[in-house]
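Just work-v9.csv here, CSV, C-alpha atoms:
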chain,number,residue,atom,x,y,z
A,21,MET,CA,91.8,128.5,101.8
A,22,THR,CA,93.6,129.9,104.9
A,23,LYS,CA,94.7,126.6,106.4
A,24,PRO,CA,96.2,123.4,105.0
A,25,ILE,CA,93.7,120.8,103.8
A,26,LYS,CA,93.4,117.8,106.2
A,27,VAL,CA,93.5,114.5,104.4
A,28,PHE,CA,92.5,111.3,106.2
A,29,GLY,CA,93.4,108.1,104.4
A,30,ASN,CA,95.3,104.9,104.1
A,31,SER,CA,98.6,104.3,102.3
A,32,GLY,CA,97.1,101.2,100.8
A,33,SER,CA,94.2,103.2,99.3
A,34,PRO,CA,94.7,104.0,95.6
A,35,TYR,CA,92.3,106.9,95.9
A,36,THR,CA,94.3,108.4,98.8
A,37,GLN,CA,97.5,108.1,96.7
A,38,LYS,CA,95.6,109.7,93.8
A,39,ILE,CA,94.7,112.8,95.7
A,40,LEU,CA,98.0,113.2,97.5
A,41,SER,CA,100.0,113.1,94.3
A,42,LEU,CA,97.7,115.7,92.8
A,43,LEU,CA,98.0,118.0,95.9
A,44,ARG,CA,101.8,117.8,95.7
A,45,TYR,CA,101.8,118.6,92.0
A,46,ARG,CA,99.5,121.6,92.5
A,47,ASN,CA,101.6,122.8,95.5
A,48,ILE,CA,98.4,122.9,97.6
A,49,PRO,CA,99.2,122.9,101.4
A,50,TYR,CA,97.9,119.8,103.2
A,51,THR,CA,98.5,117.5,106.1
A,52,VAL,CA,97.8,113.7,106.0
A,53,SER,CA,96.7,111.5,108.9
A,54,TRP,CA,96.9,107.7,108.4
A,55,GLY,CA,94.7,105.2,110.2
A,56,ASP,CA,91.1,105.0,111.3
A,57,VAL,CA,89.2,107.9,109.6
A,58,ILE,CA,86.2,107.8,112.0
A,59,HIS,CA,88.5,107.9,115.0
A,60,ASN,CA,90.6,110.7,113.6
A,61,LEU,CA,87.5,112.8,112.8
A,62,SER,CA,86.1,112.2,116.2
A,63,MET,CA,89.2,113.7,117.7
A,64,LEU,CA,88.4,116.9,115.9
A,65,ASN,CA,84.7,116.7,116.8
A,66,ILE,CA,83.8,116.4,113.2
A,67,ASP,CA,80.9,114.1,112.2
A,68,PRO,CA,82.1,111.6,109.5
A,69,PRO,CA,80.4,111.7,106.1
A,70,LYS,CA,78.1,108.9,105.0
A,71,PRO,CA,79.5,106.7,103.6
A,72,VAL,CA,83.1,107.1,104.9
A,73,LEU,CA,85.4,106.8,101.9
A,74,LEU,CA,89.1,107.0,101.5
A,75,PRO,CA,90.3,109.7,101.4
A,76,THR,CA,88.1,112.0,103.5
A,77,MET,CA,89.2,115.6,103.3
A,78,ILE,CA,88.5,118.5,105.6
A,79,PHE,CA,88.5,122.1,104.2
A,80,ASP,CA,88.8,124.9,106.8
A,81,ASN,CA,88.3,128.4,105.4
A,82,ASP,CA,88.3,130.8,108.3
A,83,GLY,CA,86.4,128.4,110.5
A,84,GLU,CA,83.9,127.3,107.9
A,85,ILE,CA,84.4,123.5,107.9
A,86,LEU,CA,83.6,121.3,104.9
A,87,CYS,CA,84.0,117.5,105.0
A,88,LYS,CA,84.3,115.9,101.6
A,89,THR,CA,84.8,112.5,100.0
A,90,ASP,CA,85.0,111.1,96.5
A,91,THR,CA,88.1,112.2,94.6
A,92,THR,CA,86.6,113.1,91.2
A,93,PRO,CA,84.3,115.9,92.6
A,94,ILE,CA,86.9,116.9,95.1
A,95,ILE,CA,89.4,117.5,92.2
A,96,ARG,CA,86.8,119.8,90.5
A,97,TYR,CA,86.2,121.6,93.8
A,98,LEU,CA,90.0,122.2,94.1
A,99,GLU,CA,89.9,123.8,90.6
A,100,ASP,CA,87.5,126.4,92.0
A,101,LEU,CA,89.7,127.1,94.9
A,102,TYR,CA,93.1,127.2,93.2
A,103,SER,CA,94.0,128.6,89.8
A,104,GLU,CA,97.6,127.5,89.2
A,105,LYS,CA,98.6,124.2,87.7
A,106,SER,CA,95.1,123.1,86.7
A,107,VAL,CA,94.6,119.4,86.0
A,108,ILE,CA,91.6,119.9,83.8
A,109,PRO,CA,92.3,120.6,80.1
A,110,ASN,CA,91.1,123.9,78.7
A,111,SER,CA,89.7,122.2,75.6
A,112,PRO,CA,86.1,121.0,76.3
A,113,THR,CA,86.7,117.9,74.1
A,114,LEU,CA,89.9,117.0,76.0
A,115,SER,CA,88.2,117.7,79.3
A,116,PHE,CA,85.5,115.2,78.5
A,117,LEU,CA,87.9,112.5,77.3
A,118,ASN,CA,89.9,113.2,80.5
A,119,TYR,CA,86.8,112.7,82.6
A,120,LEU,CA,86.0,109.4,80.8
A,121,LEU,CA,89.5,108.1,81.3
A,122,GLU,CA,89.5,109.1,85.0
A,123,ASP,CA,86.3,107.2,85.5
A,124,PHE,CA,87.7,104.1,83.9
A,125,ALA,CA,90.8,104.3,86.1
A,126,ASP,CA,88.7,104.7,89.3
A,127,GLU,CA,86.0,102.1,88.5
A,128,TRP,CA,87.6,99.5,86.2
A,129,THR,CA,91.4,99.4,86.8
A,130,THR,CA,90.5,99.0,90.5
A,131,LYS,CA,89.1,95.6,89.5
A,132,TYR,CA,92.7,94.6,88.4
A,133,MET,CA,93.9,95.6,91.8
A,134,PHE,CA,91.2,93.8,93.8
A,135,HIS,CA,91.5,90.7,91.6
A,136,TYR,CA,95.3,90.3,91.8
A,137,ARG,CA,95.4,91.1,95.5
A,138,TRP,CA,92.9,88.5,96.6
A,139,HIS,CA,92.7,85.9,93.8
A,140,PHE,CA,96.2,84.6,94.2
A,141,LYS,CA,97.6,83.0,97.4
A,142,ASP,CA,101.0,84.7,97.4
A,143,ASP,CA,99.4,88.2,96.9
A,144,ALA,CA,96.8,87.5,99.6
A,145,GLU,CA,99.5,86.5,102.0
A,146,ASN,CA,101.4,89.6,101.3
A,147,ALA,CA,98.3,91.9,101.6
A,148,LYS,CA,96.9,90.5,104.8
A,149,LYS,CA,100.2,91.3,106.6
A,150,MET,CA,101.0,94.6,104.9
A,151,LEU,CA,97.6,96.1,105.2
A,152,VAL,CA,97.6,95.5,109.0
A,153,LEU,CA,101.1,96.8,109.4
A,154,GLN,CA,100.3,100.0,107.4
A,155,HIS,CA,97.5,100.5,109.9
A,156,LYS,CA,99.6,99.8,113.0
A,157,LEU,CA,103.3,99.2,112.6
A,158,ASN,CA,104.0,98.1,116.1
A,159,ILE,CA,101.2,95.5,116.4
A,160,ASP,CA,102.2,92.2,117.9
A,161,ASP,CA,102.6,89.2,115.6
A,162,ASP,CA,99.6,87.2,116.9
A,163,SER,CA,97.3,90.2,116.5
A,164,MET,CA,98.8,90.9,113.1
A,165,HIS,CA,97.9,87.4,111.9
A,166,GLU,CA,94.5,87.5,113.5
A,167,PHE,CA,93.5,90.8,111.9
A,168,GLY,CA,95.2,89.9,108.6
A,169,ASN,CA,93.2,86.7,108.3
A,170,HIS,CA,90.0,88.6,109.2
A,171,ILE,CA,90.7,91.1,106.4
A,172,ALA,CA,91.6,88.4,103.9
A,173,ASP,CA,88.5,86.3,104.6
A,174,ARG,CA,86.3,89.3,104.2
A,175,GLN,CA,87.9,90.5,100.9
A,176,ILE,CA,88.2,87.1,99.3
A,177,ASN,CA,84.5,86.5,100.0
A,178,ARG,CA,83.7,89.8,98.3
A,179,LEU,CA,85.6,89.0,95.1
A,180,TRP,CA,82.4,88.0,93.3
A,181,VAL,CA,81.0,91.5,94.1
A,182,VAL,CA,83.4,93.2,91.6
A,183,GLY,CA,83.2,90.3,89.1
A,184,SER,CA,86.4,88.4,90.0
A,185,ASN,CA,86.2,84.7,89.9
A,186,ASN,CA,87.8,81.7,88.2
A,187,GLU,CA,85.7,82.2,85.1
A,188,THR,CA,86.6,85.9,84.7
A,189,ALA,CA,90.2,85.6,85.8
A,190,GLU,CA,91.6,85.2,82.3
A,191,LEU,CA,89.5,88.2,81.1
A,192,ILE,CA,90.8,90.4,83.8
A,193,ASP,CA,94.4,89.2,83.3
A,194,GLN,CA,94.2,89.9,79.5
A,195,SER,CA,92.6,93.3,80.0
A,196,TYR,CA,95.4,94.3,82.5
A,197,LYS,CA,98.1,93.1,80.0
A,198,ARG,CA,96.5,95.1,77.1
A,199,TYR,CA,96.2,98.1,79.4
A,200,LEU,CA,99.9,97.9,80.3
A,201,SER,CA,100.9,97.5,76.6
A,202,SER,CA,98.9,100.6,75.7
A,203,LEU,CA,100.6,102.5,78.5
A,204,GLU,CA,104.0,101.4,77.4
A,205,ASN,CA,103.3,102.5,73.9
A,206,HIS,CA,101.7,105.8,75.0
A,207,LEU,CA,104.5,106.8,77.4
A,208,SER,CA,107.0,106.3,74.6
A,209,ASN,CA,105.1,109.2,72.9
A,210,SER,CA,104.0,111.4,75.7
A,211,SER,CA,104.9,112.1,79.3
A,212,PHE,CA,101.3,112.2,80.4
A,213,MET,CA,97.9,111.1,79.0
A,214,PHE,CA,97.0,114.4,77.2
A,215,GLY,CA,100.4,116.1,76.6
A,216,GLN,CA,103.3,117.4,78.6
A,217,ARG,CA,101.3,118.0,81.8
A,218,PRO,CA,99.3,115.7,84.0
A,219,SER,CA,95.5,115.7,84.0
A,220,SER,CA,93.2,114.3,86.6
A,221,SER,CA,93.1,111.0,84.7
A,222,ASP,CA,96.9,110.7,85.1
A,223,PHE,CA,96.5,110.9,88.9
A,224,ALA,CA,93.6,108.4,88.8
A,225,LEU,CA,95.6,105.9,86.8
A,226,TYR,CA,98.6,106.5,89.0
A,227,GLY,CA,96.6,105.8,92.2
A,228,GLN,CA,95.6,102.3,91.1
A,229,LEU,CA,99.1,101.6,89.8
A,230,THR,CA,100.7,102.4,93.1
A,231,GLN,CA,99.1,99.2,94.3
A,232,LEU,CA,99.4,97.2,91.1
A,233,VAL,CA,103.1,97.8,90.6
A,234,GLY,CA,104.2,98.9,94.1
A,235,PHE,CA,102.3,96.6,96.5
A,236,ASP,CA,101.0,93.4,95.0
A,237,PRO,CA,103.6,90.8,93.7
A,238,THR,CA,101.7,89.3,90.7
A,239,PRO,CA,100.7,92.4,88.8
A,240,ARG,CA,104.1,94.0,89.6
A,241,ASP,CA,105.9,91.0,88.0
A,242,ILE,CA,103.6,91.3,84.9
A,243,ALA,CA,104.3,95.1,84.7
A,244,ILE,CA,108.0,94.6,84.9
A,245,LYS,CA,107.9,92.4,81.8
A,246,ILE,CA,105.3,94.3,79.7
A,247,SER,CA,105.8,98.0,80.6
A,248,PRO,CA,109.0,99.2,82.3
A,249,ARG,CA,107.9,102.7,81.3
A,250,THR,CA,104.8,102.4,83.5
A,251,MET,CA,107.0,101.3,86.4
A,252,ALA,CA,109.2,104.4,86.0
A,253,TRP,CA,106.1,106.6,85.4
A,254,VAL,CA,104.6,105.6,88.7
A,255,ASN,CA,107.7,106.6,90.5
A,256,ILE,CA,107.8,110.0,88.7
A,257,MET,CA,104.1,110.6,89.4
A,258,SER,CA,104.6,110.2,93.1
A,259,ASP,CA,105.9,113.7,93.5
A,260,LEU,CA,105.5,116.3,90.7
A,261,SER,CA,105.7,119.3,93.0
A,262,GLY,CA,108.5,120.9,91.0
A,263,LEU,CA,106.8,120.3,87.6
A,264,HIS,CA,106.0,123.6,85.9
A,265,ASP,CA,106.9,125.3,89.2
A,266,LYS,CA,109.8,127.4,88.0
A,267,GLY,CA,109.6,127.3,84.2
A,268,GLY,CA,112.7,125.3,83.6
A,269,ILE,CA,110.7,122.1,83.2
A,270,GLY,CA,109.9,123.2,79.6
A,271,GLU,CA,113.4,122.6,78.5
A,272,PHE,CA,113.3,119.2,80.1
A,273,PHE,CA,110.4,118.3,77.8
A,274,GLY,CA,112.2,119.8,74.8
A,275,VAL,CA,110.2,123.1,74.9
A,276,LYS,CA,112.5,126.1,74.4
A,277,ASN,CA,111.8,129.2,76.4
A,278,GLN,CA,111.2,131.9,73.8
A,279,ASN,CA,110.7,134.6,76.5
A,280,SER,CA,113.8,136.1,78.1
A,281,ASP,CA,111.7,137.6,80.9
A,282,LYS,CA,112.0,135.1,83.7
A,283,SER,CA,108.8,136.1,85.5
A,284,SER,CA,106.8,135.9,82.3
A,285,SER,CA,108.2,132.4,81.5
A,286,ILE,CA,107.2,131.2,85.0
A,287,ASN,CA,103.6,132.4,84.4
A,288,TYR,CA,103.5,130.7,81.0
A,289,PHE,CA,104.6,127.3,82.3
A,290,GLN,CA,102.2,127.5,85.2
A,291,SER,CA,99.3,128.6,83.0
A,292,ASN,CA,96.5,126.3,81.9
A,293,ASP,CA,97.4,127.0,78.3
A,294,TYR,CA,100.7,125.2,78.4
A,295,GLY,CA,101.3,121.5,77.7
A,296,TRP,CA,98.0,120.1,76.4
A,297,ASN,CA,97.7,118.5,73.0
A,298,GLU,CA,95.0,119.4,70.6
A,299,LEU,CA,92.3,116.8,69.8
A,300,ASP,CA,93.5,116.3,66.3
A,301,ASN,CA,97.1,115.6,67.3
A,302,LEU,CA,96.6,113.2,70.2
A,303,PRO,CA,98.8,110.1,69.6
A,304,LYS,CA,97.2,106.9,68.4
A,305,SER,CA,98.5,105.3,71.6
A,306,LEU,CA,96.0,107.2,73.6
A,307,LYS,CA,93.2,105.9,71.4
A,308,ASP,CA,94.2,102.4,72.3
A,309,LEU,CA,93.3,103.1,75.9
A,310,PHE,CA,89.8,104.2,74.9
A,311,ILE,CA,89.5,101.0,72.8
A,312,GLU,CA,90.1,99.1,76.0
A,313,ILE,CA,87.5,101.2,77.8
A,314,GLY,CA,84.9,100.4,75.2
A,315,ARG,CA,85.9,96.8,75.2
A,316,VAL,CA,85.5,96.0,78.9
A,317,TYR,CA,84.2,99.0,80.9
A,318,ILE,CA,81.4,100.3,78.8
A,319,PRO,CA,79.5,97.0,78.7
A,320,CYS,CA,79.7,96.9,82.5
A,321,LEU,CA,78.3,100.4,82.8
A,322,ILE,CA,75.4,99.6,80.5
A,323,SER,CA,74.5,96.2,82.1
A,324,ASN,CA,74.8,97.6,85.6
A,325,ALA,CA,72.5,100.5,84.8
A,326,GLU,CA,69.9,98.2,83.2
A,327,ALA,CA,69.9,95.9,86.2
A,328,HIS,CA,69.6,98.8,88.6
A,329,LYS,CA,66.6,100.1,86.6
A,330,LYS,CA,64.9,96.7,86.9
A,331,GLY,CA,65.7,96.4,90.6
A,332,GLU,CA,68.0,93.4,90.1
A,333,ASP,CA,70.7,92.9,92.7
A,334,VAL,CA,73.0,90.9,90.4
A,335,TRP,CA,73.6,91.2,86.7
A,336,GLU,CA,75.3,89.2,84.0
A,337,THR,CA,76.6,90.0,80.5
A,338,LYS,CA,79.2,89.0,78.0
A,339,ILE,CA,82.5,90.9,77.9
A,340,ASP,CA,85.2,90.0,75.4
A,341,GLU,CA,83.4,86.7,74.6
A,342,SER,CA,83.4,85.8,78.3
A,343,LYS,CA,80.6,85.7,80.9
A,344,TRP,CA,80.8,88.5,83.5
A,345,LYS,CA,78.6,88.4,86.6
A,346,GLN,CA,78.7,90.8,89.5
A,347,LYS,CA,76.6,92.7,92.1
A,348,THR,CA,74.7,95.8,90.9
A,349,PHE,CA,76.3,99.1,92.1
A,350,PRO,CA,74.1,102.2,92.4
A,351,TYR,CA,77.2,104.3,92.5
A,352,GLN,CA,78.3,103.2,89.0
A,353,VAL,CA,74.8,104.2,87.7
A,354,LYS,CA,75.8,107.7,89.0
A,355,CYS,CA,79.1,107.3,87.2
A,356,LEU,CA,77.4,106.6,83.9
A,357,ASN,CA,75.0,109.6,84.4
A,358,TRP,CA,77.9,111.9,85.3
A,359,ILE,CA,79.7,110.9,82.1
A,360,LYS,CA,76.5,111.7,80.1
A,361,ASP,CA,76.2,115.0,81.9
A,362,GLU,CA,79.7,115.9,81.0
A,363,PHE,CA,79.0,115.0,77.4
A,364,ASN,CA,75.7,117.0,77.3
A,365,LYS,CA,77.6,120.1,78.5
A,366,LEU,CA,79.5,120.2,75.2
A,367,SER,CA,78.5,122.3,72.3
A,368,ASP,CA,77.1,120.5,69.2
A,369,ILE,CA,80.4,120.9,67.4
A,370,ASP,CA,82.4,119.5,70.4
A,371,LYS,CA,80.0,116.6,70.7
A,372,ASN,CA,80.6,115.8,67.0
A,373,ASP,CA,84.3,116.0,67.5
A,374,VAL,CA,84.2,113.7,70.6
A,375,THR,CA,82.0,111.2,68.7
A,376,ASP,CA,84.3,111.2,65.7
A,377,TYR,CA,87.3,110.7,68.0
A,378,LEU,CA,85.7,107.8,69.8
A,379,LYS,CA,84.4,106.1,66.7
A,380,GLY,CA,85.3,102.5,66.6
A,381,THR,CA,86.2,102.3,70.3
A,382,GLY,CA,82.8,101.2,71.6
A,383,CYS,CA,82.6,104.2,74.0
A,384,ASN,CA,79.9,106.0,71.9
A,385,LYS,CA,77.4,103.4,73.1
A,386,ILE,CA,76.8,105.4,76.3
A,387,LEU,CA,76.7,108.8,74.6
A,388,SER,CA,73.6,108.4,72.3
Written as structure tokens, that's how I'd like the structure from this file.
Amino acid sequence: MTKPIKVFGNSGSPYTQKILSLLRYRNIPYTVSWGDVIHNLSMLNIDPPKPVLLPTMIFDNDGEILCKTDTTPIIRYLEDLYSEKSVIPNSPTLSFLNYLLEDFADEWTTKYMFHYRWHFKDDAENAKKMLVLQHKLNIDDDSMHEFGNHIADRQINRLWVVGSNNETAELIDQSYKRYLSSLENHLSNSSFMFGQRPSSSDFALYGQLTQLVGFDPTPRDIAIKISPRTMAWVNIMSDLSGLHDKGGIGEFFGVKNQNSDKSSSINYFQSNDYGWNELDNLPKSLKDLFIEIGRVYIPCLISNAEAHKKGEDVWETKIDESKWKQKTFPYQVKCLNWIKDEFNKLSDIDKNDVTDYLKGTGCNKILS
């Protein structure tokens, strides 16, 4: 790339926060524009993608303009463009597990965010003011309340779409608390999900948590009590631009530099060989996250896909002994198929290793 990547997003968008943190870690040049994406693109005479998602990113390589959305494929596209500080593990098995965890972060933990933000009065009152102010800081008070009420009414009426209602509130709350407990335990063993360097799933988890612990009062108060490590981790994840950049970070993580040649040590810490765990020495705390995936997210993926195949607009299933009902999403059918595609890329040996690792988690139900 010959020019900085243009990022158009919103500070209240977890997916925008996901990609910005990743760009900072990888030291990839970028500019960010907040506000109305369609308006910002029109000022550049660029047709917006369909649908318009946050973030939308513009890649300009010597005048060849590419407009992209959807963070998961964008991250893989960046892997093709930039070689240093990769966020995809070298190991095929870890790469698959990372993909599955990233998808869980993007598609299930966002339910935590949406639920807490609009299910509770205090959170909704906070959101309908802050979301407007993040869009236009100098808006007058009357307009702020008018637009805020419009946003709140629309979002609250959409809660059922993602499965949030009075009947599922306890399920979502308990899942969030288990999730935080798992993170608290894991972060006491490892600085990141798959070792001493962040993967794409770290950034996906971080993106949603920027809202859960940094924006919305109720989930933040829960996190303070259950997982102070998660609170600290979110702050650390916000800017990892110096991590692995000069080599000295290895000593910070207790890794002694065995190479006296400074330039060689820099290359080592920047390489994609440094910092990943092996499959057989992943801490048990990580397994607990996959148990939660199998417990709540996998049943959603399966039921959603079955409903979509039958042409049903709404589906219902039992999750964790509670009834779950929501709108059918074609995109999550794609998510399920992409997970299967990633699994089918593996060799037979790697498939067996992944299957063995996920045994007892419930995740294998989508891999057969």
Practice problem: Name the closest residue to Phe214 of chain A among the candidates A:Leu309, A:Met133, A:Val233, A:Leu114; distances are taken between atoms, counting all atoms listed in the file. | Solution: A:Leu114
Counting all atoms listed in the file, which residues sit no farther than 9 Å from the position (106.0, 100.9, 81.0) in the file's frame? I'd like them as a compact mmCIF listing (two decimals) with C-alpha atoms, in the coordinates of the input.
# COMPACT_ATOMS: atom_id res chain seq x y z
CA LEU A 200 99.90 97.90 80.30
CA SER A 201 100.90 97.50 76.60
CA SER A 202 98.90 100.60 75.70
CA LEU A 203 100.60 102.50 78.50
CA GLU A 204 104.00 101.40 77.40
CA ASN A 205 103.30 102.50 73.90
CA HIS A 206 101.70 105.80 75.00
CA LEU A 207 104.50 106.80 77.40
CA SER A 208 107.00 106.30 74.60
CA ALA A 243 104.30 95.10 84.70
CA ILE A 244 108.00 94.60 84.90
CA LYS A 245 107.90 92.40 81.80
CA ILE A 246 105.30 94.30 79.70
CA SER A 247 105.80 98.00 80.60
CA PRO A 248 109.00 99.20 82.30
CA ARG A 249 107.90 102.70 81.30
CA THR A 250 104.80 102.40 83.50
CA MET A 251 107.00 101.30 86.40
CA ALA A 252 109.20 104.40 86.00
CA TRP A 253 106.10 106.60 85.40
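Residues in contact with Ser184 of chain A at up to 8 Å, not including ones fewer than 5 positions away on its chain and judged by all atoms listed in the file, are Lys131, His135, His139, Leu179, Ala189 and Ile192 of chain A.
With only C-alpha atoms taken into account, the protein and nucleic acid residues at most 8 Å from Ser33 of chain A (excluding it and anything under 5 positions from it in its own chain) are A:Leu74, A:Pro75, A:Gly227.
Considering the residues A:Tyr35, A:Trp296, A:Phe310, A:Asp361 and counting only C-alpha atoms, Glu127 of chain A has its shortest atom-to-atom contact with A:Tyr35.
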Exercise. One decimal, Å: what's the distance from atom CA of Val374 of chain A over to atom CA of Thr113 of chain A, could you say?
Key: 6.0 Å
Repair of segment 143-158 of chain A at the level of N, CA and C atoms, as a tab-separated table (two decimals), in the coordinates of the input:
chain	number	residue	atom	x	y	z
A	143	ASP	N	99.76	86.75	96.75
A	143	ASP	CA	99.40	88.20	96.90
A	143	ASP	C	98.52	88.37	98.12
A	144	ALA	N	97.61	87.43	98.39
A	144	ALA	CA	96.80	87.50	99.60
A	144	ALA	C	97.59	87.46	100.86
A	145	GLU	N	98.59	86.56	100.87
A	145	GLU	CA	99.50	86.50	102.00
A	145	GLU	C	100.22	87.75	102.26
A	146	ASN	N	100.68	88.35	101.19
A	146	ASN	CA	101.40	89.60	101.30
A	146	ASN	C	100.43	90.73	101.80
A	147	ALA	N	99.23	90.78	101.22
A	147	ALA	CA	98.30	91.90	101.60
A	147	ALA	C	97.80	91.78	103.00
A	148	LYS	N	97.53	90.57	103.47
A	148	LYS	CA	96.90	90.50	104.80
A	148	LYS	C	97.93	90.87	105.90
A	149	LYS	N	99.22	90.80	105.61
A	149	LYS	CA	100.20	91.30	106.60
A	149	LYS	C	100.45	92.79	106.39
A	150	MET	N	100.66	93.20	105.14
A	150	MET	CA	101.00	94.60	104.90
A	150	MET	C	99.92	95.57	105.23
A	151	LEU	N	98.67	95.19	104.94
A	151	LEU	CA	97.60	96.10	105.20
A	151	LEU	C	97.41	96.34	106.71
A	152	VAL	N	97.65	95.31	107.51
A	152	VAL	CA	97.60	95.50	109.00
A	152	VAL	C	98.76	96.34	109.44
A	153	LEU	N	99.96	96.07	108.94
A	153	LEU	CA	101.10	96.80	109.40
A	153	LEU	C	101.07	98.29	108.97
A	154	GLN	N	100.46	98.56	107.80
A	154	GLN	CA	100.30	100.00	107.40
A	154	GLN	C	99.34	100.69	108.31
A	155	HIS	N	98.43	99.93	108.93
A	155	HIS	CA	97.50	100.50	109.90
A	155	HIS	C	98.11	100.72	111.24
A	156	LYS	N	98.91	99.71	111.68
A	156	LYS	CA	99.60	99.80	113.00
A	156	LYS	C	100.89	99.05	112.90
A	157	LEU	N	101.97	99.78	112.81
A	157	LEU	CA	103.30	99.20	112.60
A	157	LEU	C	103.78	98.36	113.72
A	158	ASN	N	103.47	98.77	114.96
A	158	ASN	CA	104.00	98.10	116.10
A	158	ASN	C	103.07	97.05	116.72
